$ cat start.txt   # compact mmCIF, C-alpha atoms
# COMPACT_ATOMS: atom_id res chain seq x y z
CA MET I 15 21.04 -14.41 73.31
CA THR I 16 19.29 -11.57 71.49
CA ASP I 17 15.52 -11.42 71.96
CA PHE I 18 13.70 -12.62 68.86
CA THR I 19 10.00 -12.53 68.02
CA THR I 20 8.63 -15.21 65.70
CA VAL I 21 6.75 -13.49 62.87
CA ALA I 22 5.77 -16.73 61.09
CA ASP I 23 6.47 -20.43 61.42
CA GLY I 24 5.57 -23.56 59.47
CA LEU I 25 7.58 -22.29 56.48
CA ARG I 26 9.37 -24.80 54.25
CA PHE I 27 12.99 -23.62 54.41
CA PRO I 28 12.42 -19.85 54.12
CA GLU I 29 15.09 -17.64 52.50
CA GLY I 30 15.44 -14.43 50.49
CA PRO I 31 13.42 -12.07 52.75
CA VAL I 32 12.34 -8.74 51.21
CA ALA I 33 10.80 -6.00 53.35
CA MET I 34 7.79 -4.41 51.64
CA PRO I 35 6.53 -0.82 52.10
CA ASP I 36 3.28 -2.02 53.72
CA GLY I 37 5.17 -3.76 56.53
CA SER I 38 4.78 -7.24 55.10
CA MET I 39 7.65 -9.51 54.13
CA ILE I 40 8.00 -11.50 50.93
CA LEU I 41 10.24 -14.57 51.08
CA VAL I 42 10.81 -17.87 49.36
CA GLU I 43 10.03 -21.34 50.65
CA ILE I 44 12.70 -23.31 48.85
CA GLU I 45 11.44 -26.80 49.62
CA ALA I 46 7.87 -25.92 48.63
CA GLY I 47 8.89 -24.16 45.41
CA ARG I 48 6.82 -21.09 46.26
CA ILE I 49 7.06 -17.42 47.14
CA THR I 50 5.08 -16.27 50.16
CA ARG I 51 4.01 -12.94 51.62
CA VAL I 52 3.96 -12.76 55.42
CA ALA I 53 1.76 -10.03 56.93
CA PRO I 54 2.84 -8.28 60.17
CA ASP I 55 0.40 -10.52 62.08
CA GLY I 56 1.99 -13.66 60.59
CA THR I 57 -0.73 -14.39 58.05
CA LYS I 58 0.73 -16.15 55.00
CA THR I 59 -0.45 -15.81 51.40
CA THR I 60 1.07 -17.29 48.26
CA VAL I 61 2.52 -14.78 45.79
CA ALA I 62 3.70 -17.26 43.14
CA GLU I 63 4.65 -20.91 42.65
CA PRO I 64 7.67 -21.05 40.32
CA GLY I 65 8.65 -24.57 41.39
CA GLY I 66 12.24 -25.77 41.40
CA GLY I 67 14.14 -24.03 44.20
CA PRO I 68 13.38 -20.31 44.50
CA ASN I 69 16.22 -18.86 46.57
CA GLY I 70 17.34 -15.19 46.50
CA LEU I 71 14.82 -12.39 45.90
CA ALA I 72 15.05 -8.68 45.10
CA ILE I 73 12.73 -5.94 43.89
CA GLY I 74 13.78 -4.59 40.49
CA PRO I 75 13.38 -1.14 38.91
CA ASP I 76 10.01 -2.18 37.46
CA GLY I 77 8.61 -3.13 40.88
CA LYS I 78 8.65 -6.84 40.06
CA LEU I 79 10.41 -9.58 41.99
CA TYR I 80 13.59 -11.02 40.56
CA CYS I 81 14.24 -14.56 41.78
CA CYS I 82 17.34 -16.74 41.72
CA ASN I 83 15.95 -20.25 41.17
CA ASN I 84 18.49 -22.96 42.01
CA GLY I 85 16.47 -25.73 40.32
CA GLY I 86 15.72 -27.57 43.55
CA PHE I 87 17.38 -29.65 46.26
CA ALA I 88 16.91 -33.12 47.63
CA TRP I 89 15.73 -32.91 51.25
CA ARG I 90 15.97 -34.68 54.59
CA GLU I 91 13.59 -34.00 57.47
CA THR I 92 14.25 -35.21 61.01
CA ASN I 93 12.14 -34.24 64.02
CA GLY I 94 10.65 -31.32 62.09
CA PHE I 95 14.06 -29.95 61.06
CA LEU I 96 14.55 -29.59 57.30
CA THR I 97 17.95 -29.96 55.61
CA PRO I 98 18.87 -29.56 51.91
CA HIS I 99 20.82 -32.52 50.59
CA GLY I 100 22.41 -32.24 47.17
CA GLN I 101 20.99 -32.28 43.66
CA PRO I 102 17.55 -33.92 43.35
CA ASP I 103 16.45 -36.44 40.76
CA ASP I 104 13.95 -33.87 39.42
CA TYR I 105 16.48 -31.01 39.19
CA SER I 106 14.90 -28.48 36.82
CA GLY I 107 17.91 -26.33 35.94
CA GLY I 108 19.17 -22.97 37.19
CA ARG I 109 17.47 -19.77 36.06
CA ILE I 110 16.59 -16.18 36.90
CA GLU I 111 12.86 -15.48 37.06
CA ARG I 112 10.84 -12.26 36.99
CA ILE I 113 7.62 -12.38 38.97
CA ASP I 114 4.62 -10.07 38.93
CA ILE I 115 3.67 -9.61 42.59
CA ALA I 116 0.06 -8.65 41.76
CA THR I 117 -0.72 -11.59 39.46
CA GLY I 118 1.82 -14.24 40.44
CA ALA I 119 2.89 -14.62 36.79
CA VAL I 120 6.39 -16.13 36.50
CA GLU I 121 8.64 -15.34 33.54
CA ILE I 122 12.05 -16.97 32.96
CA LEU I 123 14.38 -14.06 32.28
CA TYR I 124 17.62 -16.05 31.95
CA LYS I 125 18.27 -19.79 31.88
CA ASP I 126 21.22 -22.13 31.59
CA GLY I 127 22.98 -21.63 28.25
CA ASP I 128 21.81 -18.07 27.61
CA PHE I 129 24.65 -15.79 26.44
CA GLY I 130 26.95 -18.81 26.66
CA CYS I 131 26.64 -18.94 30.46
CA SER I 132 26.19 -21.98 32.66
CA LEU I 133 23.58 -21.49 35.40
CA ARG I 134 23.61 -24.40 37.83
CA GLY I 135 22.15 -23.06 41.06
CA PRO I 136 21.58 -19.28 41.18
CA ASN I 137 21.42 -18.30 44.82
CA ASP I 138 21.41 -14.64 45.87
CA ILE I 139 20.90 -11.29 44.13
CA VAL I 140 21.47 -7.56 44.58
CA PHE I 141 20.56 -4.64 42.29
CA ASP I 142 22.86 -1.69 41.69
CA SER I 143 21.74 1.91 41.22
CA GLN I 144 21.96 1.57 37.42
CA GLY I 145 19.20 -1.05 37.37
CA GLY I 146 21.38 -4.09 36.69
CA PHE I 147 21.91 -6.91 39.14
CA TRP I 148 24.66 -9.12 40.46
CA PHE I 149 23.96 -12.70 41.47
CA THR I 150 25.83 -15.72 42.75
CA ASP I 151 25.64 -19.26 41.43
CA HIS I 152 26.12 -21.67 44.30
CA GLY I 153 26.11 -24.69 41.98
CA LYS I 154 24.87 -28.18 42.82
CA SER I 155 26.46 -30.97 44.83
CA ARG I 156 26.34 -34.66 44.00
CA ASP I 157 27.75 -37.73 45.73
CA ARG I 158 31.28 -37.29 44.38
CA ALA I 159 31.16 -33.97 42.53
CA ARG I 160 30.45 -30.31 43.08
CA ASP I 161 30.04 -27.62 40.42
CA ILE I 162 32.67 -24.97 39.84
CA THR I 163 30.71 -21.74 39.59
CA GLY I 164 30.98 -17.96 39.46
CA ILE I 165 29.38 -14.57 40.03
CA PHE I 166 27.25 -12.94 37.33
CA TYR I 167 25.95 -9.56 36.23
CA ALA I 168 22.75 -9.13 34.24
CA LYS I 169 20.43 -6.43 32.95
CA ALA I 170 16.84 -6.40 34.14
CA ASP I 171 15.42 -6.26 30.60
CA GLY I 172 16.82 -9.68 29.65
CA SER I 173 19.35 -8.23 27.17
CA HIS I 174 22.63 -9.12 28.86
CA LEU I 175 24.05 -11.88 31.07
CA GLU I 176 27.76 -12.22 31.86
CA GLU I 177 29.87 -14.33 34.19
CA VAL I 178 32.16 -11.63 35.59
CA ILE I 179 33.98 -13.52 38.34
CA PHE I 180 35.17 -17.11 37.85
CA PRO I 181 35.93 -19.34 39.60
CA SER I 182 34.37 -18.85 43.02
CA GLU I 183 34.04 -21.57 45.63
CA ASN I 184 30.28 -22.05 45.86
CA PRO I 185 29.38 -18.36 46.29
CA ASN I 186 26.22 -17.73 48.27
CA GLY I 187 25.39 -14.30 49.75
CA ILE I 188 26.01 -11.14 47.75
CA GLY I 189 25.78 -7.43 48.46
CA LEU I 190 27.08 -3.98 47.54
CA SER I 191 28.77 -1.34 49.68
CA PRO I 192 26.73 1.84 50.37
CA ASP I 193 28.58 3.73 47.61
CA GLY I 194 28.27 0.83 45.15
CA THR I 195 32.02 0.57 44.53
CA ARG I 196 32.56 -2.73 46.31
CA LEU I 197 30.93 -6.09 45.77
CA TYR I 198 30.79 -8.59 48.64
CA ALA I 199 30.30 -12.33 48.19
CA ALA I 200 30.22 -15.04 50.85
CA GLU I 201 31.55 -18.47 49.95
CA THR I 202 29.84 -21.29 51.81
CA TYR I 203 32.28 -24.18 52.14
CA THR I 204 35.46 -22.09 52.43
CA CYS I 205 33.61 -19.75 54.84
CA ARG I 206 35.24 -16.71 53.27
CA LEU I 207 33.84 -13.21 52.77
CA MET I 208 35.27 -11.91 49.49
CA ALA I 209 35.41 -8.28 48.33
CA PHE I 210 35.76 -7.05 44.73
CA ASP I 211 36.29 -3.49 43.51
CA ILE I 212 33.63 -2.35 41.01
CA VAL I 213 34.99 -0.06 38.28
CA ALA I 214 31.82 0.29 36.14
CA PRO I 215 28.33 -1.26 36.08
CA GLY I 216 28.88 -5.02 35.82
CA LYS I 217 32.67 -4.71 35.77
CA ALA I 218 35.12 -5.75 38.49
CA ALA I 219 38.74 -4.60 38.67
CA SER I 220 39.79 -8.24 39.00
CA ALA I 221 38.13 -11.66 38.99
CA SER I 222 40.27 -12.67 41.97
CA SER I 223 40.37 -11.26 45.46
CA THR I 224 42.03 -11.81 48.82
CA PRO I 225 39.46 -12.91 51.41
CA LEU I 226 38.27 -9.99 53.52
CA TYR I 227 37.36 -12.21 56.49
CA ARG I 228 37.44 -15.87 57.39
CA PRO I 229 36.51 -17.15 60.86
CA ALA I 230 38.08 -20.01 62.75
CA GLY I 231 36.16 -23.15 63.64
CA TYR I 232 33.61 -25.37 61.93
CA LYS I 233 31.35 -22.81 60.23
CA PHE I 234 29.81 -22.03 56.85
CA PHE I 235 28.63 -18.77 55.33
CA ASP I 236 25.20 -18.34 53.75
CA SER I 237 23.45 -15.17 52.52
CA LEU I 238 24.21 -11.64 53.66
CA GLY I 239 22.92 -8.12 54.13
CA VAL I 240 24.73 -4.77 54.39
CA GLU I 241 24.22 -2.15 57.07
CA ALA I 242 23.90 1.55 56.23
CA CYS I 243 27.34 2.13 57.80
CA GLY I 244 28.91 -0.47 55.50
CA ASN I 245 29.20 -3.46 57.84
CA VAL I 246 28.45 -6.81 56.19
CA CYS I 247 26.11 -9.14 58.09
CA VAL I 248 26.68 -12.74 57.04
CA ALA I 249 24.32 -15.53 58.05
CA THR I 250 26.51 -18.20 59.63
CA ILE I 251 25.80 -21.93 59.77
CA GLY I 252 27.40 -24.24 62.32
CA GLU I 253 27.82 -21.52 64.91
CA CYS I 254 24.26 -20.30 64.50
CA GLY I 255 23.78 -16.60 63.92
CA ILE I 256 24.86 -13.46 62.10
CA SER I 257 28.54 -12.49 61.78
CA VAL I 258 28.85 -8.68 61.51
CA ILE I 259 32.05 -7.80 59.64
CA SER I 260 33.46 -4.32 59.09
CA PRO I 261 34.61 -3.09 55.65
CA ALA I 262 38.15 -3.45 57.02
CA GLY I 263 37.60 -7.16 57.61
CA LYS I 264 37.20 -7.15 61.39
CA LEU I 265 34.47 -8.98 63.33
CA VAL I 266 32.28 -6.29 64.89
CA GLU I 267 30.02 -8.71 66.72
CA PHE I 268 28.31 -12.07 66.46
CA VAL I 269 24.55 -12.19 67.00
CA ALA I 270 23.58 -15.73 68.03
CA THR I 271 20.35 -17.46 66.96
CA ASP I 272 18.86 -20.86 67.80
CA ASP I 273 18.74 -22.41 64.30
CA VAL I 274 21.81 -24.04 62.76
CA PHE I 275 20.43 -23.08 59.32
CA THR I 276 20.28 -19.34 59.92
CA THR I 277 20.38 -18.25 56.28
CA ASN I 278 19.60 -14.56 55.66
CA ILE I 279 18.86 -11.12 57.06
CA CYS I 280 17.13 -7.97 55.84
CA TRP I 281 15.83 -4.80 57.45
CA GLY I 282 12.52 -2.96 57.58
CA GLY I 283 10.63 -0.55 59.80
CA ALA I 284 10.47 3.22 59.67
CA ASP I 285 14.04 3.59 60.94
CA GLY I 286 15.46 0.55 59.11
CA MET I 287 16.40 -1.12 62.40
CA ASP I 288 13.89 -3.97 62.45
CA ALA I 289 15.98 -6.98 61.43
CA TYR I 290 14.21 -9.98 59.87
CA ILE I 291 16.14 -13.25 59.90
CA THR I 292 15.25 -16.55 58.22
CA CYS I 293 15.70 -19.57 60.48
CA SER I 294 15.35 -22.08 57.70
CA GLY I 295 15.81 -25.48 59.33
CA SER I 296 12.99 -24.84 61.81
CA GLY I 297 10.88 -22.98 59.22
CA ARG I 298 10.63 -19.60 60.93
CA LEU I 299 10.88 -15.91 60.10
CA VAL I 300 12.00 -14.04 63.21
CA LYS I 301 12.37 -10.35 64.03
CA THR I 302 14.55 -8.34 66.39
CA ARG I 303 15.70 -4.77 66.91
CA TRP I 304 19.16 -4.27 65.41
CA LYS I 305 21.84 -1.95 66.78
CA ARG I 306 22.32 -0.19 63.45
CA PRO I 307 20.05 0.44 60.44
CA GLY I 308 20.24 -1.69 57.35
CA LEU I 309 21.26 -0.19 54.03
CA LYS I 310 18.36 1.08 51.93
CA LEU I 311 18.32 -1.03 48.77
CA ALA I 312 18.31 0.41 45.25
CA TYR I 313 14.64 -0.56 44.70
$ encode --input "start.txt" --output "structure tokens"
Amino acid sequence: MTDFTTVADGLRFPEGPVAMPDGSMILVEIEAGRITRVAPDGTKTTVAEPGGGPNGLAIGPDGKLYCCNNGGFAWRETNGFLTPHGQPDDYSGGRIERIDIATGAVEILYKDGDFGCSLRGPNDIVFDSQGGFWFTDHGKSRDRARDITGIFYAKADGSHLEEVIFPSENPNGIGLSPDGTRLYAAETYTCRLMAFDIVAPGKAASASSTPLYRPAGYKFFDSLGVEACGNVCVATIGECGISVISPAGKLVEFVATDDVFTTNICWGGADGMDAYITCSGSGRLVKTRWKRPGLKLAY
């Protein structure tokens, strides 16, 4: 087992970690409907309270936070372990929010129905070098139904939203290759890592793709991060940890954790080799030294 240091605990299903220049981390607490900054010493302060289910986060070209809000989950809690459980009675609708870090002001940038698009449960987000962003819609699950969803591209100024890839089986994590020519998306229930060739900003060569990697066993894929060398690090549920997958579709290594709901990874530190991982079920943000640096994000 890799050595992990707990940076903060008592978080309500943390996800979407973003490493900030001052050494702090900003993440979401999905169950609490809030966005939280965690200082290096573990001190927690509230950045914003958008409600619903804030999920994926990214810094945009204007320095603001862009948030995939899934509209909320129903929850179960047993022995201090938190588990999302389908669409809640107070589901507030999927949307993309823009958040001012300094003031906490929350603006809905895109919502269900805009540009003729259906947003059920936006999940994870990545900006490209042109200032637009890709995001997944994981959809919502009900007792006998689950949404058919896709992968979207949008402009940061609110002027354009498009479903580029459809259908996708409950896409979750999303990322770009170091040169920006390949889009990666992790599907949760099929446990597939998909790869799409990008031919122009917001344009894929095809809406279908052969899976790049799919592990054996009872596992699910969650969010992901990309290393500077191009490896894709996918948070893996069931077998708890991070699956590191090469651009050729080979498993480089598996880094085990102790939380079945290991949901995301990002990198910080001067050399980009401090890995921060959200252990969501137990409500922790943990840190470890990674073997390779993470990819520097567009913003």
$ closest_residue --input "start.txt" --among "I:Pro68, I:Gly47, I:Pro181, I:Gly94" --to "I:Pro31" --atoms "all atoms listed in the file"
I:Pro68
$ atom_distance --input "start.txt" --atom1 "atom CA of I:Cys82" --atom2 "atom CA of I:Thr117"
18.9 Å
$ closest_atom_pairs --input "start.txt" --of "stretch 218-265 of chain I" --to "stretch 285-309 of chain I" --cutoff "8 Å" --atoms "only C-alpha atoms" --output "tab-separated table"
residue	atom	partner	partner_atom	distance
I:Gly239	CA	I:Gly308	CA	7.7
I:Val240	CA	I:Leu309	CA	5.8
I:Glu241	CA	I:Gly308	CA	4.0
I:Ala242	CA	I:Leu309	CA	3.9
I:Cys243	CA	I:Leu309	CA	7.5
I:Gly244	CA	I:Leu309	CA	7.8
$ residues_around --input "start.txt" --residues "stretch 99-116 of chain I" --least-positions-apart "5" --cutoff "9 Å" --atoms "only C-alpha atoms" --output "JSON, numbers by chain"
{"I": [61, 62, 64, 65, 66, 67, 68, 74, 77, 78, 79, 80, 81, 82, 83, 84, 85, 86, 87, 88, 89, 90, 121, 122, 123, 124, 125, 126, 132, 133, 134, 135, 136, 151, 153, 154, 155, 156, 157, 170]}
$ closest_residue --input "start.txt" --among "I:Asn278, I:Val213, I:Phe268, I:Val32" --to "I:Lys310" --atoms "all atoms listed in the file"
I:Val32
$ residues_around --input "start.txt" --residues "stretch 196-202 of chain I" --least-positions-apart "3" --cutoff "8 Å" --atoms "all atoms listed in the file" --output "NGL selection string"
:I and (150 or 182-191 or 193 or 205-212 or 234-238 or 248)
$ closest_residue --input "start.txt" --among "I:Glu177, I:Asp17, I:Asp76, I:Asp23" --to "I:Gly127" --atoms "all atoms listed in the file"
I:Glu177
$ closest_residue --input "start.txt" --among "I:Thr59, I:Thr97, I:Ser260, I:Thr19" --to "I:Thr276" --atoms "all atoms listed in the file"
I:Thr97
$ atom_distance --input "start.txt" --atom1 "atom CA of I:Gly231" --atom2 "atom CA of I:Ala262"
20.9 Å
$ atom_distance --input "start.txt" --atom1 "atom CA of I:Tyr203" --atom2 "atom CA of I:Lys217"
25.4 Å
$ closest_residue --input "start.txt" --among "I:Val246, I:Cys280, I:Val178, I:Val258" --to "I:Gly70" --atoms "only C-alpha atoms"
I:Cys280
$ closest_residue --input "start.txt" --among "I:Gly263, I:Gly30, I:Gly146, I:Gly194" --to "I:Asp171" --atoms "only C-alpha atoms"
I:Gly146
$ residues_around --input "start.txt" --residues "I:Ser38" --least-positions-apart "2" --cutoff "12 Å" --atoms "only C-alpha atoms" --output "JSON, numbers by chain"
{"I": [21, 22, 31, 32, 33, 34, 35, 36, 40, 41, 50, 51, 52, 53, 54, 55, 56, 57, 58, 59, 281, 282, 283, 290, 299]}
$ residues_near_point --input "start.txt" --point "(33.0, -12.8, 38.2)" --cutoff "7 Å" --atoms "only C-alpha atoms" --output "list of chain:residue names"
I:Gly164, I:Ile165, I:Phe166, I:Glu177, I:Val178, I:Ile179, I:Phe180, I:Ala221
$ residues_around --input "start.txt" --residues "I:Phe129" --least-positions-apart "2" --cutoff "8 Å" --atoms "only C-alpha atoms" --output "list in words"
Gly127, Cys131, His174, Leu175 and Glu176 of chain I
